[in-house]
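Report on one structure; see the data block that follows.
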Amino acid sequence: MFSKALSYSIRVAFVLSKNTKSSKVTAYRRPLNPNVGVIIFIVILVYMGISIVRYATAKHIVGYEVRTGSLSSSNIYQGIALRSEEIMKSEYAGHINYYSQEGTRLATGKLAYTIDETGEIAEQLNSGEANDELFTKDDYAKMQSEIASFTAKFRPGSFRQVYDFKNALSSELVKVTNNSILSDIQKISSSSSVHFCNTNTTGDIYYYTDGYEDKTFDKLKLADFDSSAYTKNILKSNSLVAKGDPACKIETAEDWSVAIRLPDEKTAKDLEDRKVVKVRFLKNQDESWATITTRGDDKNGWYANLAFTNSMITFAGDRFIDIELLTTASSGLKIPKSALVDGKFFVIPARFVTKGTGDKQGVLRSTVNDDGEKTTEFVSVSLYGQDEKGEDVYVDQSALRSGDVLQMTDSSETFTIGETKDLTGVYNINKGYADFRTVTKIEENDAYAIVKPDDLYGLREYDFIVLNAKDVNPNEFVYSR
């Protein structure tokens, strides 16, 4: 009985043991299989982040390519036209009428205008008794030309210019209308109230006055150059005039001049030395040569008179004329003034410069060795210029110190460093670092300087320099853009 129970217990234990072993579960571990795309993305993201940080914290230097050029000086002036002008004054009182196109050249004794004491001509015009065909094709063409000329030179805000054009066009229309009744002039001339006034000299006729007719270069004052106070009196047909009033004026000579106000004595002297200068008229871009005379002083100002022998009729209707003096500008290497920097350099005799290993330029500096004996050492230096005679050279202060004693090769002669000289130059970055190069300025204005090309220690065309010299230090590695 006991043996049966024991056997039964063993079988139960075996079954339980088997069931327990089969119920034990082991977790499955998947093999490591990284995503290559994700890794590449992370690497690129990190690289971009580092690059952005480096770019944001780095010093960025702007480069400038040196090119040959010239300076354009401010040679634009507003001048006063001075001409030989004769004003014809009316000998009668009444309505005045004109029959010639402004600018027409009239010989002596030709009809300039008529004076109608009783207004007969005015009545005929107002009654419409003139010929039906008032305007010819030529008349229309002339008026179109006047309108086109006004449109081309119109400046917004120049109200005086607008009113002058209006008055001139109105006067022209009346003159064309008056010409239409000239066929009846014999009938009208039977009346003693109509007076025919002829020219007493030869010249071009104009129908305006402005008070500048009698002015000469020697009489001009500062106030005369104030164009804002200028008044132009248009003489209109069919208007009433009194005896002695201006009737018209005759430009009697082709020779004329333009007077300009100069900024200083130096400009006046430079122009006087030139004797002649080429002038561009800004109104139509025509160019002409002028002879020059100047006058003035520091109290009353400086003035120049530009005399011409042609083109008077082109500007006969203008008193104030904008011109540009085409003076020859200095040429050379054109660089921004922001690229210029001043440096201080030691001055040493050129004969103390020698060559060392690898043909490096340098000097022999006196020193004391560890045993207390006097000896010399070779110090490599860079030369940045020399004086006009070539006796002295200028070296950087980084390699030498004030008080250093230089020893001349194969000689007992010595030189103590102490004298310095300021040099103007730029930072050349052709080799990736700020290399100081001296420059010799020929001319400059507010923004640019013209420097001598191909200097021994200077620049060459197409060199790259630092645009703003304040951004770098000498021999600094630069990252340019």
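Chain labels A, B, ... are given in the sequence in which chains occur in the structure tokens; within each chain residues are numbered consecutively from 1, and ligands are likewise numbered from 1 in the order shown.
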Find the residues around Ala107 in chain A up to 7 Å (only C-alpha atoms counted), leave out those fewer than 2 positions away in its own chain, and share them as a tab-separated table (two decimals) with all heavy atoms, in the first residue's frame.
```tsv
chain	number	residue	atom	x	y	z
A	105	ARG	N	16.45	135.96	-87.22
A	105	ARG	CA	17.50	136.96	-87.43
A	105	ARG	C	16.96	138.04	-88.37
A	105	ARG	O	16.51	137.76	-89.48
A	105	ARG	CB	18.74	136.33	-88.01
A	105	ARG	CG	19.95	137.27	-88.05
A	105	ARG	CD	21.25	136.53	-88.24
A	105	ARG	NE	22.40	137.41	-88.13
A	105	ARG	CZ	22.95	137.79	-86.98
A	105	ARG	NH1	22.43	137.37	-85.82
A	105	ARG	NH2	24.01	138.58	-86.96
A	109	GLY	N	16.77	147.70	-90.22
A	109	GLY	CA	15.68	148.31	-90.97
A	109	GLY	C	14.50	147.40	-91.22
A	109	GLY	O	13.54	147.80	-91.89
A	110	LYS	N	14.50	146.18	-90.68
A	110	LYS	CA	13.38	145.26	-90.85
A	110	LYS	C	12.33	145.50	-89.78
A	110	LYS	O	12.62	145.96	-88.67
A	110	LYS	CB	13.87	143.81	-90.80
A	110	LYS	CG	14.72	143.40	-91.99
A	110	LYS	CD	13.93	143.45	-93.28
A	110	LYS	CE	14.77	142.98	-94.46
A	110	LYS	NZ	13.99	143.00	-95.73
A	201	THR	N	19.59	147.69	-85.80
A	201	THR	CA	20.81	146.89	-85.81
A	201	THR	C	20.47	145.49	-86.29
A	201	THR	O	19.28	145.11	-86.36
A	201	THR	CB	21.46	146.83	-84.40
A	201	THR	OG1	22.72	146.15	-84.49
A	201	THR	CG2	20.56	146.09	-83.43
A	202	THR	N	21.48	144.72	-86.61
A	202	THR	CA	21.26	143.35	-87.07
A	202	THR	C	21.40	142.38	-85.89
A	202	THR	O	22.30	142.51	-85.06
A	202	THR	CB	22.29	142.97	-88.15
A	202	THR	OG1	22.13	143.86	-89.25
A	202	THR	CG2	22.10	141.53	-88.60
A	203	GLY	N	20.49	141.42	-85.82
A	203	GLY	CA	20.57	140.43	-84.75
A	203	GLY	C	19.34	139.56	-84.68
A	203	GLY	O	18.45	139.63	-85.54
```
Compile the contact shell of range 228-232 of chain A as an mmCIF file with all heavy atoms, in the first residue's frame: residues with an atom at most 7 Å away, counting only C-alpha atoms, same-chain residues fewer than 5 positions apart removed.
```
data_model
loop_
_atom_site.group_PDB
_atom_site.id
_atom_site.type_symbol
_atom_site.label_atom_id
_atom_site.label_comp_id
_atom_site.auth_asym_id
_atom_site.auth_seq_id
_atom_site.Cartn_x
_atom_site.Cartn_y
_atom_site.Cartn_z
ATOM 1 N N TYR A 208 11.470 139.038 -74.475
ATOM 2 C CA TYR A 208 11.454 138.998 -73.009
ATOM 3 C C TYR A 208 12.589 139.865 -72.487
ATOM 4 O O TYR A 208 13.582 140.126 -73.180
ATOM 5 C CB TYR A 208 11.597 137.567 -72.485
ATOM 6 C CG TYR A 208 13.009 137.011 -72.543
ATOM 7 C CD1 TYR A 208 13.866 137.128 -71.451
ATOM 8 C CD2 TYR A 208 13.489 136.383 -73.687
ATOM 9 C CE1 TYR A 208 15.163 136.626 -71.500
ATOM 10 C CE2 TYR A 208 14.770 135.874 -73.745
ATOM 11 C CZ TYR A 208 15.602 135.999 -72.644
ATOM 12 O OH TYR A 208 16.885 135.521 -72.699
ATOM 13 N N THR A 209 12.451 140.322 -71.246
ATOM 14 C CA THR A 209 13.513 141.039 -70.537
ATOM 15 C C THR A 209 13.603 140.456 -69.130
ATOM 16 O O THR A 209 12.632 139.879 -68.618
ATOM 17 C CB THR A 209 13.240 142.548 -70.455
ATOM 18 O OG1 THR A 209 12.007 142.762 -69.741
ATOM 19 C CG2 THR A 209 13.139 143.168 -71.840
ATOM 20 N N ASP A 210 14.790 140.605 -68.516
ATOM 21 C CA ASP A 210 14.949 140.078 -67.158
ATOM 22 C C ASP A 210 15.895 140.898 -66.293
ATOM 23 O O ASP A 210 16.195 140.522 -65.152
ATOM 24 C CB ASP A 210 15.451 138.623 -67.214
ATOM 25 C CG ASP A 210 16.731 138.468 -68.007
ATOM 26 O OD1 ASP A 210 17.360 139.494 -68.334
ATOM 27 O OD2 ASP A 210 17.102 137.322 -68.314
#
```
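Across the model, the gap from CA of Val393 in chain A to CA of Ser366 in chain A is 19.3 Å.
With distances restricted to only C-alpha atoms, A:Lys249 is the closest residue to Glu85 in chain A from A:Lys249, A:Lys355, A:Lys137, A:Lys142.
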